[in-house]
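Enquirer: Following this message is one structure expressed as structure tokens.
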Amino acid sequence: MAEKRDALGLPLLFLLITVILLHLFICPFTKVEESFNLQAVHDILYHRSNFEKYDHHEFPGVVPRTFLGPLFLSTLCSPVVFLSSLLDAPKFYTQLIVRGCLGVCVSAALWHMQREVRRQFGSTVAGLFCLTCASQFHLMFYSTRTLPNVFALPLVLLAFSSWMAHKYGSFISLSALVIIVFRSELCLFLGLMLMMSLLSRKLRLLEMFYYAVPAGALSLALTVAVDSFFWRKMLWPEGQVLWYNTILNKSSNWGISPFLWYFYSAVPRALGCTLLLVPLGLLDRRMRPLLLPTVGFILLYSALPHKELRFIIYTVPVLNLVAARGCSFILSNYHKSWMYKLGSVVVVGQLLTNAAYSSVSLYVSHHNYPGGVGLQELHRLLPATSDVFVHIDAYAAETGVSRFLEQNTNWRYDKREDLSPGSPQMKMYSHLLMEANVTKIRLLHHTHQPLAFIEGYNNIALNMFHFPPLSVRLERKTVLLERMNNVL
């Protein structure tokens with residue numbers, strides 16, 4: 001019987017993987033928030049034991065991050081990367097492989113959660129849960145992003161599934177690992193689940209300590225040992241992140257949002273039309289204990305002024321589960337009255353609307369990486385045998401450039417941040433990849449001339465007299481400059 005259930009869920013697994021990889025291939029580049037983990041995977045795969053060349057020594061970031069995620073991901077994808085190296089494939093393909101492996105991990109965790117949903121609530125709810133997840137842009141988009149939140153996401157989903165199944169040993173062990181190693185704020189989300197189990201007496205206090213103490217000690221010892229080695233000092237990265245972002249509240253330097261921002265902005269954007277069906281799912285009393293820690297986590301985490309959608313990405317699958325139960329209630333009563341028939345149209349319509357929104361968002365995001373596109377354009381315009389020394393400014397580095405794009409071994413790539421456009425040192429670079437700022441370009445007109453301009457997303461225009469009525473407006477975002485022949 002178990003084998004039959006697994007076979008029924010396999011198409012859902014393939015659906016999730018396909019949609020996630022579609023997002024990856026349409027948006028193959030990364031942003032600055034993902035850079036540490038991505039560069040770390042690159043260094044582990046290519047520099048290996050030559051630790052002096054690791055990127056984090058030159059660009060450590062504001063706070064240190066753990067190497068455990070990059071180590072796991074590089075180990076997971078190393079066989080495929082080795083095969084691609086035998087085929088002499090460009091390094092950029094390795095970036096796709098790395099991110100694709102992370103996306104498969106998220107897909108597998110969602111599918112594992114689907115199996116527990118199928119066991120407790122039936123195949124209809126499980127199928128609708130997967131369809132809902134696949135229809136939403138942000139969950140699918142973030143699933144291949146090498147962010148600490150995304151490294152944590154599969155572990156959170158596995159922990160949540162264990163909590164649903166009352167497998168408290170697995171739940172506590174996974175919770176300890178993900179909180180101590182990846183995202184300390186998850187002590188709120190997972191801690192609320194733990195508290196509910198203790199208060200309902202489904203879990204005894206001594207049993208909790210029996211699992212929590214060794215799991216916590218092992219997780220802390222693992223991250224301290226590994227990360228102290230890579231960072232060359234005694235270090236617990238996530239502890240330092242917790243101190244910097246929460247205790248010192250330094251994360252607010254990157255912007256602050258109103259207290260209820262997650263509720264009126266982030267959650268509606270993440271769920272799309274599915275949000276309207278969450279209240280209907282609460283008609284099933286079994287859904288209320290699942291929703292309580294989710295809403296509680298968002299509410300408690302709202303106290304931190306700096307807010308981003310990715311900080312609560314773990315709550316999206318849980319909210320989707322509650323909505324899927326509401327959808328199944330409508331579909332299972334389809335034959336009873338015209339109201340249920342109308343409701344069924346709404347259920348299908350919200351999935352299609354989510355998919356349409358995802359398509360537009362994905363198209364817009366495709367044009368949001370002018371730095372990565374610019375470096376690829378430089379490789380296209382110049383032969384690999386050219387003597388190239390290219391400087392990549394901060395804007396280009398933040399909008400798609402990574403070590404995986406450094407395709408030619410004889411070329412020199414520099415990301416120094418202490419140079420200004422008017423600096424005499426700019427003469428030593430044969431090429432510049434920089435923000436298409438008119439003032440900065442003018443400062444260089446005596447030494448470098450434009451080779452190519454790269455367009456990126458500017459805004460969306462609405463015109464009801466055209467089809468499609470929405471169009472994406474582009475503008476020049478980055479520029480490739482080439483040194484003039486008469487400049488030494």
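We label chains A, B, ... in the order they appear in the structure tokens, count residues from 1 in each chain, and number ligands from 1 in the order shown.
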Would you list the contacts of A:Lys415 as a list in words, taking every protein, DNA or RNA residue within 7 Å and counting only C-alpha atoms, but skipping same-chain residues closer than 4 positions in sequence?

Expert: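 Close residues of A:Lys415: His391, Ile392 and Asp393 of chain A.
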
Enquirer: Quick one: write out the picked residues with all heavy atoms as a compact mmCIF listing (two decimals), in the first residue's frame?

Expert:
```txt
# COMPACT_ATOMS: atom_id res chain seq x y z
N HIS A 391 37.72 44.83 -15.02
CA HIS A 391 37.28 45.24 -13.69
C HIS A 391 35.75 45.22 -13.64
O HIS A 391 35.07 45.73 -14.53
CB HIS A 391 37.78 46.65 -13.35
CG HIS A 391 37.32 47.11 -12.00
ND1 HIS A 391 36.20 47.89 -11.81
CD2 HIS A 391 37.84 46.87 -10.76
CE1 HIS A 391 36.04 48.12 -10.51
NE2 HIS A 391 37.02 47.52 -9.86
N ILE A 392 35.23 44.62 -12.58
CA ILE A 392 33.78 44.48 -12.39
C ILE A 392 33.39 45.35 -11.20
O ILE A 392 33.88 45.12 -10.08
CB ILE A 392 33.41 43.01 -12.14
CG1 ILE A 392 33.84 42.14 -13.33
CG2 ILE A 392 31.93 42.87 -11.87
CD1 ILE A 392 33.97 40.68 -13.01
N ASP A 393 32.56 46.35 -11.43
CA ASP A 393 32.21 47.24 -10.31
C ASP A 393 31.15 46.59 -9.42
O ASP A 393 30.63 45.50 -9.70
CB ASP A 393 31.77 48.61 -10.83
CG ASP A 393 30.34 48.63 -11.35
OD1 ASP A 393 29.77 47.55 -11.62
OD2 ASP A 393 29.78 49.74 -11.51
```

Enquirer: Could you write out, as a list in words, all the residues of stretch 429-480 of chain A that DSSP marks as alpha helix (DSSP H)?

Expert: Val438, Thr439, Lys440, Ile441, Arg442 and Leu443 of chain A

Enquirer: Would you save the residues from that selection as a PDB file, in the first residue's frame, using all heavy atoms?

Expert:
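Once everything was written out, this is selection29.pdb:
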```
ATOM      1  N   VAL A 438      25.781  57.733 -16.693  1.00  0.00           N
ATOM      2  CA  VAL A 438      26.337  58.679 -17.666  1.00  0.00           C
ATOM      3  C   VAL A 438      27.506  59.460 -17.086  1.00  0.00           C
ATOM      4  O   VAL A 438      28.535  59.663 -17.748  1.00  0.00           O
ATOM      5  CB  VAL A 438      25.231  59.649 -18.155  1.00  0.00           C
ATOM      6  CG1 VAL A 438      25.822  60.700 -19.088  1.00  0.00           C
ATOM      7  CG2 VAL A 438      24.120  58.882 -18.860  1.00  0.00           C
ATOM      8  N   THR A 439      27.391  59.883 -15.841  1.00  0.00           N
ATOM      9  CA  THR A 439      28.454  60.654 -15.204  1.00  0.00           C
ATOM     10  C   THR A 439      29.734  59.836 -15.086  1.00  0.00           C
ATOM     11  O   THR A 439      30.838  60.331 -15.389  1.00  0.00           O
ATOM     12  CB  THR A 439      28.004  61.124 -13.808  1.00  0.00           C
ATOM     13  OG1 THR A 439      26.796  61.873 -13.929  1.00  0.00           O
ATOM     14  CG2 THR A 439      29.080  61.978 -13.159  1.00  0.00           C
ATOM     15  N   LYS A 440      29.612  58.582 -14.676  1.00  0.00           N
ATOM     16  CA  LYS A 440      30.788  57.718 -14.543  1.00  0.00           C
ATOM     17  C   LYS A 440      31.422  57.411 -15.893  1.00  0.00           C
ATOM     18  O   LYS A 440      32.640  57.360 -16.020  1.00  0.00           O
ATOM     19  CB  LYS A 440      30.401  56.421 -13.837  1.00  0.00           C
ATOM     20  CG  LYS A 440      29.993  56.604 -12.377  1.00  0.00           C
ATOM     21  CD  LYS A 440      29.611  55.280 -11.748  1.00  0.00           C
ATOM     22  CE  LYS A 440      29.214  55.460 -10.292  1.00  0.00           C
ATOM     23  NZ  LYS A 440      28.813  54.185  -9.662  1.00  0.00           N
ATOM     24  N   ILE A 441      30.598  57.223 -16.896  1.00  0.00           N
ATOM     25  CA  ILE A 441      31.123  56.936 -18.243  1.00  0.00           C
ATOM     26  C   ILE A 441      31.902  58.137 -18.772  1.00  0.00           C
ATOM     27  O   ILE A 441      32.958  57.976 -19.392  1.00  0.00           O
ATOM     28  CB  ILE A 441      29.971  56.548 -19.194  1.00  0.00           C
ATOM     29  CG1 ILE A 441      29.318  55.237 -18.745  1.00  0.00           C
ATOM     30  CG2 ILE A 441      30.479  56.414 -20.630  1.00  0.00           C
ATOM     31  CD1 ILE A 441      28.064  54.874 -19.516  1.00  0.00           C
ATOM     32  N   ARG A 442      31.403  59.337 -18.511  1.00  0.00           N
ATOM     33  CA  ARG A 442      32.097  60.550 -18.967  1.00  0.00           C
ATOM     34  C   ARG A 442      33.463  60.705 -18.311  1.00  0.00           C
ATOM     35  O   ARG A 442      34.406  61.210 -18.925  1.00  0.00           O
ATOM     36  CB  ARG A 442      31.233  61.774 -18.679  1.00  0.00           C
ATOM     37  CG  ARG A 442      30.071  61.947 -19.656  1.00  0.00           C
ATOM     38  CD  ARG A 442      29.190  63.106 -19.248  1.00  0.00           C
ATOM     39  NE  ARG A 442      28.066  63.271 -20.174  1.00  0.00           N
ATOM     40  CZ  ARG A 442      27.031  64.087 -19.949  1.00  0.00           C
ATOM     41  NH1 ARG A 442      26.976  64.802 -18.824  1.00  0.00           N
ATOM     42  NH2 ARG A 442      26.055  64.178 -20.847  1.00  0.00           N
ATOM     43  N   LEU A 443      33.573  60.293 -17.060  1.00  0.00           N
ATOM     44  CA  LEU A 443      34.855  60.384 -16.353  1.00  0.00           C
ATOM     45  C   LEU A 443      35.918  59.482 -16.982  1.00  0.00           C
ATOM     46  O   LEU A 443      37.107  59.671 -16.761  1.00  0.00           O
ATOM     47  CB  LEU A 443      34.671  60.013 -14.878  1.00  0.00           C
ATOM     48  CG  LEU A 443      33.892  61.027 -14.020  1.00  0.00           C
ATOM     49  CD1 LEU A 443      33.630  60.441 -12.636  1.00  0.00           C
ATOM     50  CD2 LEU A 443      34.659  62.338 -13.915  1.00  0.00           C
TER      51      LEU A 443
END
```

Enquirer: Measuring between only C-alpha atoms, which one of A:Ser257, A:Ser332, A:Thr274, A:Gln136 shows the shortest distance to A:Ala303?

Expert: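 Closest to A:Ala303, using only C-alpha atoms: A:Ser257.
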
Enquirer: Counting only C-alpha atoms, which of A:Ser402, A:Gln240, A:Ser430, A:Thr315 gets nearest to A:Leu153?

Expert: A:Thr315

Enquirer: Identify, on the basis of only C-alpha atoms, every residue whose closest approach to A:Val106 does not exceed 12 Å; exclude the query and any residue fewer than 6 positions from it along the same chain; express the result as a compact mmCIF listing (two decimals) with all heavy atoms, in the first residue's frame.

Expert:
```txt
# COMPACT_ATOMS: atom_id res chain seq x y z
N LEU A 13 6.13 14.97 -7.69
CA LEU A 13 7.56 15.25 -7.51
C LEU A 13 8.16 15.77 -8.82
O LEU A 13 8.89 16.77 -8.83
CB LEU A 13 8.30 14.00 -7.05
CG LEU A 13 9.84 14.11 -6.96
CD1 LEU A 13 10.25 15.16 -5.94
CD2 LEU A 13 10.45 12.76 -6.62
N LEU A 16 7.05 19.39 -9.44
CA LEU A 16 7.79 20.37 -8.63
C LEU A 16 9.20 20.59 -9.18
O LEU A 16 9.66 21.72 -9.31
CB LEU A 16 7.85 19.90 -7.17
CG LEU A 16 6.52 19.91 -6.41
CD1 LEU A 16 6.67 19.18 -5.08
CD2 LEU A 16 6.04 21.33 -6.18
N ILE A 17 9.87 19.50 -9.51
CA ILE A 17 11.23 19.61 -10.05
C ILE A 17 11.22 20.37 -11.37
O ILE A 17 12.07 21.25 -11.61
CB ILE A 17 11.86 18.21 -10.23
CG1 ILE A 17 12.10 17.56 -8.86
CG2 ILE A 17 13.18 18.30 -11.00
CD1 ILE A 17 12.62 16.15 -8.94
N VAL A 19 9.04 22.59 -12.57
CA VAL A 19 8.73 24.02 -12.41
C VAL A 19 9.91 24.76 -11.80
O VAL A 19 10.27 25.86 -12.22
CB VAL A 19 7.46 24.21 -11.56
CG1 VAL A 19 7.20 25.69 -11.30
CG2 VAL A 19 6.25 23.59 -12.26
N ILE A 20 10.54 24.15 -10.80
CA ILE A 20 11.70 24.79 -10.16
C ILE A 20 12.84 24.95 -11.16
O ILE A 20 13.48 26.00 -11.23
CB ILE A 20 12.14 23.97 -8.93
CG1 ILE A 20 11.15 24.20 -7.77
CG2 ILE A 20 13.56 24.34 -8.50
CD1 ILE A 20 11.41 23.34 -6.56
N LEU A 21 13.11 23.93 -11.96
CA LEU A 21 14.19 24.01 -12.95
C LEU A 21 13.84 25.01 -14.06
O LEU A 21 14.74 25.66 -14.61
CB LEU A 21 14.48 22.63 -13.54
CG LEU A 21 15.09 21.61 -12.57
CD1 LEU A 21 15.38 20.30 -13.29
CD2 LEU A 21 16.35 22.15 -11.91
N ARG A 99 22.88 25.02 -8.43
CA ARG A 99 21.57 25.54 -8.05
C ARG A 99 20.46 24.53 -8.32
O ARG A 99 19.48 24.45 -7.57
CB ARG A 99 21.30 26.86 -8.79
CG ARG A 99 22.19 28.01 -8.33
CD ARG A 99 21.86 29.29 -9.06
NE ARG A 99 20.45 29.59 -8.94
CZ ARG A 99 19.77 30.37 -9.79
NH1 ARG A 99 20.40 30.92 -10.82
NH2 ARG A 99 18.49 30.59 -9.62
N GLY A 100 20.60 23.76 -9.39
CA GLY A 100 19.62 22.73 -9.69
C GLY A 100 19.56 21.67 -8.60
O GLY A 100 18.48 21.20 -8.23
N HIS A 112 8.17 15.00 0.29
CA HIS A 112 8.10 14.27 1.55
C HIS A 112 6.96 14.80 2.41
O HIS A 112 6.22 14.01 3.03
CB HIS A 112 9.43 14.40 2.29
CG HIS A 112 9.45 13.70 3.62
ND1 HIS A 112 9.62 12.34 3.74
CD2 HIS A 112 9.29 14.18 4.89
CE1 HIS A 112 9.58 12.00 5.02
NE2 HIS A 112 9.39 13.10 5.74
N MET A 113 6.81 16.11 2.43
CA MET A 113 5.69 16.71 3.17
C MET A 113 4.36 16.29 2.56
O MET A 113 3.39 16.00 3.26
CB MET A 113 5.84 18.23 3.17
CG MET A 113 4.75 18.97 3.92
SD MET A 113 5.09 20.76 3.97
CE MET A 113 3.50 21.37 4.57
N CYS A 133 1.72 24.89 -4.66
CA CYS A 133 3.13 25.26 -4.53
C CYS A 133 3.75 25.54 -5.90
O CYS A 133 4.48 26.52 -6.09
CB CYS A 133 3.92 24.16 -3.83
SG CYS A 133 3.55 23.97 -2.06
N ALA A 134 3.45 24.68 -6.87
CA ALA A 134 4.03 24.82 -8.21
C ALA A 134 3.52 26.07 -8.92
O ALA A 134 4.20 26.60 -9.81
CB ALA A 134 3.72 23.59 -9.05
N LEU A 139 7.96 30.92 -4.10
CA LEU A 139 8.45 29.65 -3.57
C LEU A 139 9.29 28.91 -4.60
O LEU A 139 10.38 28.40 -4.28
CB LEU A 139 7.27 28.78 -3.13
CG LEU A 139 7.63 27.42 -2.51
CD1 LEU A 139 8.48 27.59 -1.27
CD2 LEU A 139 6.35 26.64 -2.19
N MET A 140 8.83 28.85 -5.83
CA MET A 140 9.56 28.17 -6.88
C MET A 140 10.84 28.93 -7.26
O MET A 140 11.89 28.34 -7.52
CB MET A 140 8.68 27.99 -8.12
CG MET A 140 7.45 27.13 -7.90
SD MET A 140 7.81 25.36 -7.62
CE MET A 140 7.69 25.27 -5.82
N PHE A 141 10.76 30.25 -7.28
CA PHE A 141 11.90 31.09 -7.65
C PHE A 141 13.03 30.97 -6.63
O PHE A 141 14.20 30.84 -6.99
CB PHE A 141 11.43 32.54 -7.78
CG PHE A 141 12.52 33.51 -8.14
CD1 PHE A 141 12.95 33.64 -9.45
CD2 PHE A 141 13.11 34.31 -7.17
CE1 PHE A 141 13.95 34.55 -9.80
CE2 PHE A 141 14.11 35.22 -7.50
CZ PHE A 141 14.52 35.33 -8.82
N TYR A 142 12.67 31.02 -5.37
CA TYR A 142 13.69 30.97 -4.31
C TYR A 142 14.30 29.59 -4.12
O TYR A 142 15.36 29.47 -3.50
CB TYR A 142 13.09 31.45 -2.98
CG TYR A 142 13.09 32.94 -2.80
CD1 TYR A 142 11.90 33.65 -2.65
CD2 TYR A 142 14.28 33.66 -2.78
CE1 TYR A 142 11.89 35.02 -2.49
CE2 TYR A 142 14.29 35.04 -2.62
CZ TYR A 142 13.09 35.72 -2.47
OH TYR A 142 13.09 37.08 -2.31
N SER A 143 13.65 28.56 -4.63
CA SER A 143 14.08 27.19 -4.34
C SER A 143 15.48 26.85 -4.86
O SER A 143 16.10 25.90 -4.38
CB SER A 143 13.07 26.19 -4.91
OG SER A 143 11.86 26.26 -4.20
N THR A 144 15.99 27.60 -5.83
CA THR A 144 17.35 27.35 -6.33
C THR A 144 18.31 28.46 -5.93
O THR A 144 19.44 28.50 -6.44
CB THR A 144 17.36 27.20 -7.86
OG1 THR A 144 16.92 28.44 -8.46
CG2 THR A 144 16.45 26.07 -8.32
N ARG A 145 17.89 29.35 -5.07
CA ARG A 145 18.73 30.47 -4.67
C ARG A 145 19.60 30.06 -3.49
O ARG A 145 19.09 29.55 -2.49
CB ARG A 145 17.87 31.67 -4.27
CG ARG A 145 16.96 32.15 -5.39
CD ARG A 145 17.70 33.03 -6.35
NE ARG A 145 17.16 32.94 -7.70
CZ ARG A 145 17.68 33.57 -8.74
NH1 ARG A 145 18.75 34.31 -8.61
NH2 ARG A 145 17.16 33.43 -9.94
N THR A 146 20.90 30.27 -3.59
CA THR A 146 21.83 29.82 -2.55
C THR A 146 21.85 30.79 -1.37
O THR A 146 22.88 31.36 -0.99
CB THR A 146 23.24 29.66 -3.12
OG1 THR A 146 23.63 30.88 -3.80
CG2 THR A 146 23.31 28.51 -4.10
N ASN A 149 18.38 30.99 3.96
CA ASN A 149 16.98 30.61 4.15
C ASN A 149 16.61 29.40 3.32
O ASN A 149 15.83 28.55 3.75
CB ASN A 149 16.07 31.78 3.77
CG ASN A 149 16.51 33.10 4.35
OD1 ASN A 149 17.39 33.75 3.80
ND2 ASN A 149 15.95 33.49 5.48
N VAL A 150 17.15 29.31 2.11
CA VAL A 150 16.81 28.19 1.22
C VAL A 150 17.56 26.92 1.64
O VAL A 150 17.03 25.82 1.53
CB VAL A 150 17.10 28.56 -0.24
CG1 VAL A 150 16.75 27.42 -1.17
CG2 VAL A 150 16.32 29.81 -0.64
N PHE A 151 18.79 27.07 2.14
CA PHE A 151 19.47 25.90 2.71
C PHE A 151 18.68 25.36 3.90
O PHE A 151 18.65 24.15 4.13
CB PHE A 151 20.88 26.28 3.16
CG PHE A 151 21.89 26.28 2.04
CD1 PHE A 151 22.31 27.47 1.46
CD2 PHE A 151 22.44 25.09 1.58
CE1 PHE A 151 23.24 27.48 0.43
CE2 PHE A 151 23.36 25.09 0.55
CZ PHE A 151 23.77 26.28 -0.02
N ALA A 152 18.05 26.26 4.64
CA ALA A 152 17.26 25.84 5.81
C ALA A 152 15.92 25.25 5.42
O ALA A 152 15.38 24.39 6.14
CB ALA A 152 17.04 27.04 6.73
N LEU A 153 15.36 25.67 4.28
CA LEU A 153 13.99 25.31 3.91
C LEU A 153 13.74 23.80 3.87
O LEU A 153 12.75 23.33 4.45
CB LEU A 153 13.64 25.96 2.57
CG LEU A 153 12.24 25.68 2.01
CD1 LEU A 153 11.16 26.11 3.00
CD2 LEU A 153 12.05 26.39 0.66
N PRO A 154 14.58 22.98 3.20
CA PRO A 154 14.29 21.54 3.21
C PRO A 154 14.29 20.94 4.60
O PRO A 154 13.44 20.08 4.91
CB PRO A 154 15.44 20.96 2.36
CG PRO A 154 15.94 22.09 1.53
CD PRO A 154 15.75 23.30 2.37
N LEU A 155 15.19 21.39 5.46
CA LEU A 155 15.24 20.87 6.83
C LEU A 155 14.00 21.27 7.61
O LEU A 155 13.47 20.48 8.41
CB LEU A 155 16.49 21.39 7.54
CG LEU A 155 17.83 20.89 6.98
CD1 LEU A 155 18.99 21.59 7.66
CD2 LEU A 155 17.96 19.38 7.15
N VAL A 156 13.52 22.50 7.39
CA VAL A 156 12.29 22.94 8.06
C VAL A 156 11.10 22.10 7.61
O VAL A 156 10.26 21.70 8.43
CB VAL A 156 12.04 24.44 7.80
CG1 VAL A 156 10.69 24.87 8.37
CG2 VAL A 156 13.15 25.29 8.39
N LEU A 157 11.01 21.84 6.31
CA LEU A 157 9.89 21.04 5.78
C LEU A 157 9.94 19.61 6.32
O LEU A 157 8.90 19.03 6.66
CB LEU A 157 9.94 21.03 4.26
CG LEU A 157 9.68 22.38 3.57
CD1 LEU A 157 9.86 22.27 2.07
CD2 LEU A 157 8.30 22.92 3.91
N LEU A 158 11.15 19.05 6.42
CA LEU A 158 11.28 17.70 7.00
C LEU A 158 10.91 17.71 8.48
O LEU A 158 10.24 16.77 8.97
CB LEU A 158 12.72 17.20 6.82
CG LEU A 158 13.18 16.92 5.39
CD1 LEU A 158 14.65 16.53 5.36
CD2 LEU A 158 12.33 15.83 4.74
N ILE A 313 9.82 32.43 4.14
CA ILE A 313 9.52 31.51 3.04
C ILE A 313 9.08 30.13 3.54
O ILE A 313 8.33 29.41 2.88
CB ILE A 313 10.73 31.38 2.09
CG1 ILE A 313 10.34 30.75 0.75
CG2 ILE A 313 11.86 30.62 2.75
CD1 ILE A 313 9.48 31.62 -0.11
N TYR A 314 9.53 29.77 4.75
CA TYR A 314 9.18 28.45 5.31
C TYR A 314 7.69 28.33 5.62
O TYR A 314 7.16 27.21 5.71
CB TYR A 314 9.95 28.21 6.62
CG TYR A 314 11.23 28.96 6.75
CD1 TYR A 314 11.30 30.16 7.45
CD2 TYR A 314 12.40 28.50 6.15
CE1 TYR A 314 12.48 30.87 7.58
CE2 TYR A 314 13.59 29.20 6.26
CZ TYR A 314 13.62 30.38 6.97
OH TYR A 314 14.79 31.09 7.08
N PRO A 317 4.62 26.87 2.42
CA PRO A 317 4.04 25.54 2.23
C PRO A 317 2.97 25.19 3.26
O PRO A 317 1.99 24.50 2.93
CB PRO A 317 5.26 24.61 2.37
CG PRO A 317 6.44 25.45 2.00
CD PRO A 317 6.10 26.81 2.53
```

Enquirer: Rank nothing, just name the residue among A:Arg269, A:Arg286, A:Arg380, A:Arg403 nearest to A:Asp55, using only C-alpha atoms.

Expert: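 With only C-alpha atoms as the atom set, the closest residue is A:Arg403.
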